[in-house]
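Structure file start_37.tsv; described as TSV, C-alpha atoms (C1' of nucleotides).
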```tsv
chain	number	residue	atom	x	y	z
A	13	MET	CA	0.00	0.00	0.00
A	14	THR	CA	1.44	3.32	-1.10
A	15	ILE	CA	-0.22	6.75	-1.06
A	16	ALA	CA	1.28	10.02	-2.23
A	17	ILE	CA	0.56	13.48	-0.90
A	18	VAL	CA	1.71	16.15	-3.35
A	19	GLY	CA	1.69	19.92	-3.12
A	20	SER	CA	3.79	23.02	-3.20
A	21	THR	CA	6.13	24.19	-0.52
A	22	ALA	CA	4.30	25.46	2.59
A	23	SER	CA	1.16	23.56	1.61
A	24	GLY	CA	1.22	21.63	4.88
A	25	LYS	CA	1.84	18.20	3.39
A	26	SER	CA	4.45	17.16	5.95
A	27	SER	CA	2.27	17.85	8.97
A	28	LEU	CA	-0.67	16.20	7.25
A	29	ALA	CA	1.48	13.13	6.70
A	30	MET	CA	2.49	13.10	10.37
A	31	ALA	CA	-1.15	13.31	11.43
A	32	ALA	CA	-2.04	10.45	9.14
A	33	ALA	CA	0.89	8.33	10.33
A	34	HIS	CA	-0.15	8.86	13.93
A	35	ALA	CA	-3.70	7.85	13.11
A	36	ARG	CA	-2.50	4.70	11.34
A	37	PRO	CA	0.48	3.40	13.35
A	38	GLY	CA	3.07	1.53	11.30
A	39	THR	CA	2.80	3.89	8.37
A	40	GLU	CA	6.21	5.03	7.12
A	41	ILE	CA	6.88	8.37	5.44
A	42	VAL	CA	9.01	8.94	2.35
A	43	ALA	CA	10.09	12.56	1.84
A	44	VAL	CA	10.32	13.05	-1.92
A	45	ASP	CA	12.36	16.20	-1.93
A	46	SER	CA	15.50	17.05	-3.85
A	47	MET	CA	16.95	19.18	-1.03
A	48	GLN	CA	15.99	17.31	2.13
A	49	VAL	CA	18.41	14.63	0.95
A	50	TYR	CA	21.30	16.82	2.10
A	51	ARG	CA	22.65	16.26	5.61
A	52	GLY	CA	22.81	19.38	7.73
A	53	MET	CA	20.44	21.35	5.54
A	54	ASP	CA	17.59	21.10	8.02
A	55	ILE	CA	16.01	24.47	8.75
A	56	GLY	CA	15.93	25.80	5.20
A	57	THR	CA	14.51	22.64	3.70
A	58	ALA	CA	11.86	22.37	6.43
A	59	LYS	CA	13.10	18.88	7.13
A	60	PRO	CA	10.99	16.80	9.57
A	61	THR	CA	12.24	17.31	13.12
A	62	ARG	CA	14.20	14.74	15.12
A	63	GLN	CA	11.07	14.20	17.17
A	64	ASP	CA	8.98	13.52	14.05
A	65	GLN	CA	11.63	11.13	12.81
A	66	ALA	CA	11.66	9.36	16.17
A	67	ASP	CA	7.88	9.00	16.14
A	68	VAL	CA	7.51	7.84	12.55
A	69	THR	CA	10.00	6.04	10.33
A	70	HIS	CA	11.15	8.41	7.60
A	71	HIS	CA	12.91	7.71	4.30
A	72	GLY	CA	14.48	10.05	1.80
A	73	LEU	CA	16.29	12.20	4.35
A	74	ASP	CA	20.03	12.81	4.80
A	75	LEU	CA	21.19	10.67	1.90
A	76	ALA	CA	24.14	12.82	0.86
A	77	ASP	CA	26.58	15.45	2.06
A	78	PRO	CA	26.02	18.96	0.74
A	79	ILE	CA	29.27	18.71	-1.21
A	80	GLU	CA	27.74	15.99	-3.40
A	81	ASP	CA	25.55	16.48	-6.45
A	82	PHE	CA	22.47	14.34	-5.89
A	83	THR	CA	20.39	13.06	-8.84
A	84	VAL	CA	17.01	11.56	-9.64
A	85	VAL	CA	18.50	8.15	-10.29
A	86	ARG	CA	20.02	7.96	-6.83
A	87	PHE	CA	16.71	8.90	-5.30
A	88	VAL	CA	14.80	6.22	-7.18
A	89	GLU	CA	17.34	3.62	-6.08
A	90	HIS	CA	16.90	4.71	-2.49
A	91	TYR	CA	13.14	4.56	-2.84
A	92	ASP	CA	13.20	1.05	-4.22
A	93	GLN	CA	15.32	-0.10	-1.28
A	94	ALA	CA	13.05	1.64	1.21
A	95	ARG	CA	10.00	0.07	-0.37
A	96	ALA	CA	11.53	-3.39	-0.22
A	97	GLY	CA	12.38	-3.00	3.48
A	98	ALA	CA	9.28	-1.20	4.66
A	99	LYS	CA	7.21	-2.86	7.40
A	100	GLY	CA	4.04	-0.85	6.87
A	101	PRO	CA	2.22	1.28	4.34
A	102	LEU	CA	4.25	4.05	2.67
A	103	LEU	CA	3.11	7.63	2.62
A	104	LEU	CA	5.02	9.64	0.01
A	105	VAL	CA	5.29	13.36	0.69
A	106	ALA	CA	6.31	14.90	-2.59
A	107	GLY	CA	7.41	18.39	-3.50
A	108	THR	CA	9.80	17.37	-6.24
A	109	GLY	CA	7.61	16.35	-9.15
A	110	LEU	CA	10.29	14.80	-11.30
A	111	TYR	CA	11.44	12.49	-8.52
A	112	LEU	CA	7.90	11.33	-7.84
A	113	ARG	CA	7.18	10.65	-11.48
A	114	ALA	CA	10.43	8.78	-11.90
A	115	MET	CA	9.44	6.61	-8.92
A	116	LEU	CA	5.81	5.97	-9.76
A	117	ASP	CA	6.02	5.74	-13.53
A	118	ARG	CA	9.27	3.80	-13.41
A	119	PHE	CA	11.26	6.18	-15.56
A	120	ASP	CA	14.40	4.48	-16.75
A	121	PRO	CA	16.71	7.33	-17.63
A	122	PRO	CA	19.47	6.56	-20.12
A	123	GLY	CA	22.99	6.54	-18.72
A	124	GLU	CA	25.49	9.30	-18.26
A	125	TRP	CA	28.31	10.29	-20.58
A	126	THR	CA	29.65	13.20	-18.62
A	127	ASP	CA	32.55	14.13	-20.88
A	128	LEU	CA	30.24	14.22	-23.89
A	129	ARG	CA	27.86	16.39	-21.92
A	130	ALA	CA	30.64	18.78	-20.96
A	131	THR	CA	31.64	19.09	-24.59
A	132	PHE	CA	28.12	19.86	-25.75
A	133	GLU	CA	27.47	22.29	-22.92
A	134	SER	CA	30.55	24.32	-23.73
A	135	GLU	CA	29.76	24.50	-27.45
A	136	SER	CA	29.51	28.19	-28.28
A	137	ASP	CA	27.20	27.83	-31.27
A	138	LEU	CA	23.88	26.91	-29.68
A	139	ALA	CA	22.01	26.99	-33.00
A	140	ALA	CA	24.42	24.44	-34.45
A	141	LEU	CA	23.94	22.27	-31.39
A	142	TYR	CA	20.20	22.34	-31.85
A	143	ALA	CA	20.53	21.62	-35.56
A	144	GLN	CA	22.57	18.56	-34.65
A	145	LEU	CA	19.81	17.34	-32.35
A	146	VAL	CA	17.17	17.92	-35.03
A	147	GLN	CA	19.28	15.72	-37.27
A	148	LEU	CA	19.90	12.92	-34.75
A	149	ASP	CA	16.55	12.92	-32.95
A	150	PRO	CA	13.82	15.10	-34.43
A	151	ARG	CA	11.25	13.82	-31.93
A	152	ALA	CA	13.34	14.95	-28.97
A	153	ALA	CA	14.17	18.22	-30.69
A	154	ALA	CA	10.49	18.96	-31.16
A	155	LYS	CA	9.99	18.83	-27.39
A	156	ILE	CA	12.98	20.94	-26.41
A	157	ASP	CA	13.15	24.70	-26.92
A	158	SER	CA	15.93	25.75	-29.26
A	159	GLY	CA	17.37	28.03	-26.59
A	160	ASN	CA	17.57	25.40	-23.87
A	161	ARG	CA	21.27	24.56	-23.84
A	162	ARG	CA	21.10	22.20	-20.90
A	163	ARG	CA	18.37	19.96	-22.27
A	164	ILE	CA	19.79	20.02	-25.78
A	165	ALA	CA	23.20	19.00	-24.46
A	166	ARG	CA	21.71	16.18	-22.42
A	167	ALA	CA	19.71	14.83	-25.35
A	168	LEU	CA	22.78	14.93	-27.60
A	169	GLU	CA	24.86	13.29	-24.88
A	170	VAL	CA	22.46	10.35	-24.86
A	171	CYS	CA	22.10	10.13	-28.65
A	172	VAL	CA	25.85	10.05	-29.21
A	173	GLY	CA	26.74	8.10	-26.08
A	174	SER	CA	24.16	5.36	-26.40
A	175	GLY	CA	23.89	5.30	-30.15
A	176	GLN	CA	20.12	5.49	-29.81
A	177	PRO	CA	17.76	8.46	-30.00
A	178	PHE	CA	17.07	10.17	-26.68
A	179	SER	CA	13.35	9.93	-27.40
A	180	SER	CA	13.54	6.13	-27.60
A	181	PHE	CA	14.07	5.81	-23.84
A	182	GLY	CA	10.49	6.27	-22.77
A	183	PRO	CA	7.11	7.67	-23.64
A	184	GLY	CA	8.00	11.09	-22.30
A	185	MET	CA	6.49	13.22	-19.64
A	186	ASP	CA	3.09	13.70	-21.17
A	187	ALA	CA	2.12	10.03	-20.84
A	188	TYR	CA	0.14	9.33	-17.66
A	189	PRO	CA	-0.55	5.60	-17.51
A	190	PRO	CA	-2.81	4.23	-14.75
A	191	ILE	CA	-0.92	3.41	-11.53
A	192	GLU	CA	-1.72	1.76	-8.21
A	193	THR	CA	-0.62	4.65	-6.05
A	194	ALA	CA	-3.30	7.18	-5.23
A	195	GLN	CA	-2.07	10.76	-5.38
A	196	ILE	CA	-3.69	13.43	-3.24
A	197	GLY	CA	-2.91	17.05	-4.04
A	198	LEU	CA	-3.05	19.92	-1.55
A	199	ARG	CA	-3.96	23.32	-2.95
A	200	TRP	CA	-4.36	26.79	-1.44
A	201	ASN	CA	-5.44	30.00	-3.09
A	202	ARG	CA	-2.46	32.13	-4.02
A	203	ASP	CA	-3.01	34.89	-1.46
A	204	THR	CA	-3.20	32.48	1.44
A	205	LEU	CA	-0.22	30.53	0.20
A	206	ARG	CA	1.73	33.77	0.04
A	207	THR	CA	1.08	34.60	3.68
A	208	ARG	CA	1.96	31.03	4.64
A	209	ILE	CA	5.24	31.29	2.76
A	210	ASP	CA	6.12	34.67	4.28
A	211	GLN	CA	5.40	33.28	7.73
A	212	ARG	CA	7.44	30.16	7.07
A	213	VAL	CA	10.46	32.13	5.89
A	214	ASP	CA	10.26	34.41	8.93
A	215	ASP	CA	10.07	31.33	11.13
A	216	MET	CA	13.12	29.81	9.45
A	217	MET	CA	15.11	32.98	10.02
A	218	ALA	CA	14.01	33.04	13.65
A	219	SER	CA	15.09	29.42	14.00
A	220	GLY	CA	18.64	30.21	12.92
A	221	LEU	CA	18.72	29.63	9.18
A	222	LEU	CA	21.50	32.18	8.73
A	223	ARG	CA	23.64	30.33	11.29
A	224	GLU	CA	22.96	27.01	9.54
A	225	VAL	CA	23.97	28.40	6.15
A	226	ALA	CA	27.09	30.07	7.55
A	227	SER	CA	28.15	26.91	9.36
A	228	ILE	CA	28.04	24.84	6.19
A	229	GLY	CA	29.56	27.48	3.92
A	230	ARG	CA	29.71	27.79	0.17
A	231	VAL	CA	32.90	25.79	-0.24
A	232	LYS	CA	31.29	22.72	1.30
A	233	MET	CA	28.22	22.89	-0.92
A	234	SER	CA	27.90	21.34	-4.35
A	235	ARG	CA	26.40	23.13	-7.31
A	236	ASN	CA	23.07	21.43	-6.68
A	237	ALA	CA	22.99	22.02	-2.93
A	238	GLN	CA	23.79	25.69	-3.44
A	239	GLN	CA	20.62	26.01	-5.48
A	240	ALA	CA	18.44	25.44	-2.44
A	241	LEU	CA	16.14	28.37	-1.73
A	242	GLY	CA	17.23	30.24	1.34
A	243	TYR	CA	20.77	28.93	1.11
A	244	LYS	CA	21.52	30.54	-2.23
A	245	GLU	CA	20.35	33.98	-1.11
A	246	LEU	CA	21.96	33.86	2.33
A	247	LEU	CA	25.26	32.73	0.84
A	248	ASP	CA	25.09	35.81	-1.39
A	249	HIS	CA	24.35	37.93	1.65
A	250	LEU	CA	27.32	36.44	3.50
A	251	ASP	CA	29.46	37.32	0.48
A	252	GLY	CA	28.32	40.91	0.87
A	253	GLN	CA	26.15	40.96	-2.22
A	254	ALA	CA	22.92	41.90	-0.44
A	255	THR	CA	21.70	43.14	2.92
A	256	LEU	CA	19.99	40.64	5.16
A	257	ASP	CA	16.60	42.27	4.57
A	258	GLU	CA	17.09	42.12	0.81
A	259	ALA	CA	18.10	38.48	1.03
A	260	VAL	CA	15.01	37.59	3.06
A	261	GLU	CA	12.73	39.41	0.62
A	262	THR	CA	14.36	37.56	-2.26
A	263	ILE	CA	13.84	34.24	-0.49
A	264	LYS	CA	10.14	35.00	-0.09
A	265	LEU	CA	9.75	36.05	-3.71
A	266	ARG	CA	11.57	33.03	-5.11
A	267	THR	CA	9.75	30.67	-2.79
A	268	ARG	CA	6.44	32.02	-4.12
A	269	GLN	CA	7.64	31.49	-7.67
A	270	PHE	CA	8.83	28.03	-6.79
A	271	ALA	CA	5.46	27.14	-5.28
A	272	VAL	CA	3.68	28.20	-8.47
A	273	LYS	CA	6.14	26.16	-10.52
A	274	GLN	CA	5.40	23.11	-8.38
A	275	GLU	CA	1.68	23.65	-8.86
A	276	ARG	CA	2.14	23.86	-12.61
A	277	TRP	CA	4.07	20.63	-12.60
A	278	PHE	CA	1.50	18.68	-10.57
A	279	ARG	CA	-1.45	20.28	-12.38
A	280	ARG	CA	-0.58	18.32	-15.52
A	281	ASP	CA	-1.05	14.95	-13.88
A	282	PRO	CA	-4.70	13.95	-14.35
A	283	ARG	CA	-4.38	11.16	-11.79
A	284	ILE	CA	-4.04	13.53	-8.85
A	285	GLU	CA	-7.11	14.03	-6.66
A	286	TRP	CA	-7.10	17.63	-5.46
A	287	VAL	CA	-8.18	18.89	-2.06
A	288	ASP	CA	-8.70	22.65	-1.84
A	289	LEU	CA	-7.68	23.89	1.57
A	290	THR	CA	-8.83	26.89	3.52
A	291	GLU	CA	-7.51	26.91	7.07
A	292	ASP	CA	-9.00	23.62	8.11
A	293	SER	CA	-7.15	20.50	6.99
A	294	SER	CA	-9.47	17.91	8.51
A	295	GLU	CA	-10.98	17.16	5.11
A	296	ALA	CA	-7.54	16.44	3.71
A	297	LEU	CA	-6.78	14.14	6.63
A	298	SER	CA	-9.91	12.11	6.06
A	299	VAL	CA	-9.14	11.82	2.35
A	300	VAL	CA	-5.66	10.51	3.16
A	301	LEU	CA	-6.93	8.07	5.80
A	302	GLN	CA	-9.60	6.83	3.44
A	303	ALA	CA	-6.93	6.13	0.82
A	304	LEU	CA	-4.75	4.35	3.38
A	305	ASP	CA	-7.65	2.16	4.45
A	306	ALA	CA	-8.71	1.29	0.92
B	196	G	C1'	7.25	81.84	-0.30
B	197	G	C1'	11.09	81.35	-4.69
B	198	U	C1'	14.10	78.38	-8.18
B	199	U	C1'	15.36	73.83	-10.49
B	200	C	C1'	14.40	68.81	-11.53
B	201	A	C1'	10.98	64.83	-11.75
B	202	G	C1'	5.84	62.46	-12.71
B	203	U	C1'	5.31	56.92	-18.83
B	204	A	C1'	2.97	49.16	-17.44
B	205	G	C1'	2.21	46.50	-10.58
B	206	C	C1'	7.82	48.38	-9.59
B	207	U	C1'	12.53	50.73	-11.47
B	208	C	C1'	13.18	53.47	-15.58
B	209	A	C1'	14.31	54.30	-21.41
B	210	G	C1'	11.79	57.03	-25.21
B	211	U	C1'	16.86	60.70	-30.49
B	212	C	C1'	14.37	66.05	-34.60
B	213	G	C1'	6.96	66.28	-32.95
B	214	G	C1'	5.18	60.92	-36.86
B	215	C	C1'	2.04	53.29	-34.69
B	216	A	C1'	4.12	53.21	-26.62
B	217	G	C1'	9.40	50.38	-25.04
B	218	A	C1'	13.01	47.43	-21.70
B	219	G	C1'	14.21	44.81	-17.19
B	220	C	C1'	11.84	42.80	-13.09
B	221	A	C1'	7.00	41.34	-11.35
B	222	C	C1'	2.49	38.65	-12.94
B	223	A	C1'	-0.05	34.78	-15.97
B	224	C	C1'	0.55	30.41	-18.95
B	225	G	C1'	3.34	26.39	-21.03
B	226	C	C1'	7.69	22.96	-22.07
B	227	C	C1'	11.61	19.89	-20.12
B	228	U	C1'	13.55	11.56	-18.31
B	229	G	C1'	20.86	11.38	-14.68
B	230	A	C1'	21.32	19.65	-12.10
B	231	A	C1'	14.29	19.66	-11.23
B	232	A	C1'	14.34	24.43	-4.98
B	233	A	C1'	17.70	23.56	-11.77
B	234	G	C1'	16.91	24.88	-17.10
B	235	C	C1'	13.91	26.94	-21.32
B	236	G	C1'	9.91	29.38	-23.79
B	237	U	C1'	5.15	32.16	-24.65
B	238	G	C1'	2.12	36.90	-23.60
B	239	G	C1'	-1.52	39.85	-21.07
B	240	G	C1'	-1.04	44.48	-19.27
B	241	G	C1'	-0.87	52.03	-20.52
B	242	U	C1'	-6.12	58.22	-18.48
B	243	C	C1'	2.29	58.80	-20.95
B	244	C	C1'	-0.17	63.31	-13.48
B	245	G	C1'	-4.78	66.64	-14.76
B	246	G	C1'	-6.74	70.72	-17.78
B	247	G	C1'	-6.22	74.13	-21.76
B	248	G	C1'	-3.54	75.96	-26.26
B	249	A	C1'	-0.57	76.20	-31.04
B	250	U	C1'	0.09	72.24	-34.94
B	251	C	C1'	-2.14	68.00	-40.39
B	252	G	C1'	-0.28	65.41	-36.09
B	253	A	C1'	1.92	65.83	-28.94
B	254	C	C1'	4.49	61.37	-24.13
B	255	G	C1'	7.49	65.33	-26.33
B	256	C	C1'	6.37	72.35	-27.59
B	257	C	C1'	3.58	76.77	-24.78
B	258	C	C1'	0.29	78.22	-20.46
B	259	C	C1'	-2.32	76.94	-15.80
B	260	G	C1'	-2.88	73.51	-11.89
B	261	C	C1'	-1.66	68.97	-8.74
B	262	U	C1'	2.08	65.75	-6.43
B	263	G	C1'	7.19	64.57	-4.96
B	264	A	C1'	12.51	65.69	-4.34
B	265	A	C1'	16.66	68.96	-3.95
B	266	C	C1'	18.36	73.76	-3.23
B	267	C	C1'	17.61	79.09	-1.93
B	268	A	C1'	15.16	82.23	1.57
```

Let me see the file written as structure tokens.
Amino acid sequence: MTIAIVGSTASGKSSLAMAAAHARPGTEIVAVDSMQVYRGMDIGTAKPTRQDQADVTHHGLDLADPIEDFTVVRFVEHYDQARAGAKGPLLLVAGTGLYLRAMLDRFDPPGEWTDLRATFESESDLAALYAQLVQLDPRAAAKIDSGNRRRIARALEVCVGSGQPFSSFGPGMDAYPPIETAQIGLRWNRDTLRTRIDQRVDDMMASGLLREVASIGRVKMSRNAQQALGYKELLDHLDGQATLDEAVETIKLRTRQFAVKQERWFRRDPRIEWVDLTEDSSEALSVVLQALDA
RNA sequence: GGUUCAGUAGCUCAGUCGGCAGAGCACACGCCUGAAAAGCGUGGGGUCCGGGGAUCGACGCCCCGCUGAACCA
């Protein structure tokens, strides 16, 4: 039995999952989150507390040091292990849409050819790069914007490295086959979500986020870890590039934009059952419990 | 009280000689299978502070007023 709760940052999915796990003892939680995988990045990623982790078995947390670049493939491997060893139902708490889809729809990403990728990414003539992709894999090219260097380089990396078209590795993201796992989506209206985000960022600052960021430091953070909201802006502040107030405002703004981006990602998936929240989450809890009991 | 400067998209501002109203950010929407809290694209938005005048034609020139800033008293 596996259920997924999806939603944007600050939607309340973690606390809903805790409530559900308490109501159905034995349930284990899987945090599907590209940043909570980093050890020591606790406050800024709103990682479940030690107490929560003591009360309910959690997976998906603290899988890598901040100096490492984590990837989807590593997360799926971890998930498969967790699923095999789990003693009770799994409750997935997902903010990272790509990770969740890779897990549930069994994406099988082609391998890595990092030196090829580096070559393509440093190619100065982007138009020529795109033309090459159109030649090798017109189907992939049709789905990638001609200005998107990163995705073009990755597709070419796979075409050249594997000898097969990038588009031959799966149906793509717009295929939503039926799956066992029920997905429940949490949704707030934008104004309410904004105040929740502002409050959450203020709370993080009050809890010592700046100290956490300073104690890790930029040199001990990988490219990917440095992208984490809150960390990125406070690292810039520590480098003297912004005042603390400016940094906090930027965190709030970008977190809002991130939340909308998450919503747009999940919105596409027709299999998600949405629960519109006001301030009362009891309806969401009963929906989750119902799914767990089914 | 006087002088000067400013007032254009939600915000910060461009706008050449008077000739179809612009940018960045924000916002909305979409795409993306080994960086996804990343990357890429699309487009909706205007009482050009208000009023009057000269002109074929004004965001632009002239006059009056309003608001803000700086300086002088």

**Study point:** Residue contacts of Leu148 in chain A (8 Å, all atoms listed in the file) excluding same-chain residues fewer than 5 positions away, as a PyMOL selection string
**Key:** chain A and resi 168+171+177

Review point. If we count all atoms listed in the file, what is near Ala153 in chain A at a cut-off of 10 Å, once residues fewer than 2 positions away on the same chain are taken out, given as number ranges by chain?
Key: A: 142-151, 155-158, 163-164, 167-168, 178-179

Between A:Ala140, A:Ala218, A:Val272, A:Val225, which has the minimum distance to chain B (counting all atoms listed in the file)?
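Counting all atoms listed in the file, the residue closest to chain B is A:Val272.
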
- Message: Using all atoms listed in the file, I'd like every residue of chain B that has an atom within 8 Å of chain A; please write them out as a ChimeraX atom specification.
- Response: /B:226-236

**Prompt:** What's the 9 Å shell around range 199-209 of chain B, counting all atoms listed in the file, without same-chain residues fewer than 5 positions away, as a ChimeraX atom specification?
**Reply:** /B:216-222,240-241,243-244,254,262-266

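CA of Ala29 in chain A is positioned 16.7 Å from CA of Ala306 in chain A.
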
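Coordinates place CA of Val42 in chain A at a distance of 11.6 Å from CA of Gln93 in chain A.
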
query = What's the 10 Å shell around Val300 in chain A, counting all atoms listed in the file, without same-chain residues fewer than 3 positions away, as a PyMOL selection string?
reply = chain A and resi 15-17+28-29+31-33+103+194-196+294-297+303-306

ask   = What lies within 8 Å of Ser219 in chain A using only C-alpha atoms (C1' of nucleotides), ignoring chain neighbours under 3 positions off, as a list in words?
value = Ile55, Asp215 and Met216 of chain A

Kindly save the residues from that selection, with C-alpha atoms included, as a PDB file, keeping the file's coordinate frame.
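New file again_17.pdb:
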```
ATOM      1  CA  ILE A  55      16.010  24.470   8.750  1.00  0.00           C
ATOM      2  CA  ASP A 215      10.070  31.330  11.130  1.00  0.00           C
ATOM      3  CA  MET A 216      13.120  29.810   9.450  1.00  0.00           C
TER       4      MET A 216
END
```

The distance between CA of Asp186 in chain A and CA of Glu285 in chain A is 17.7 Å
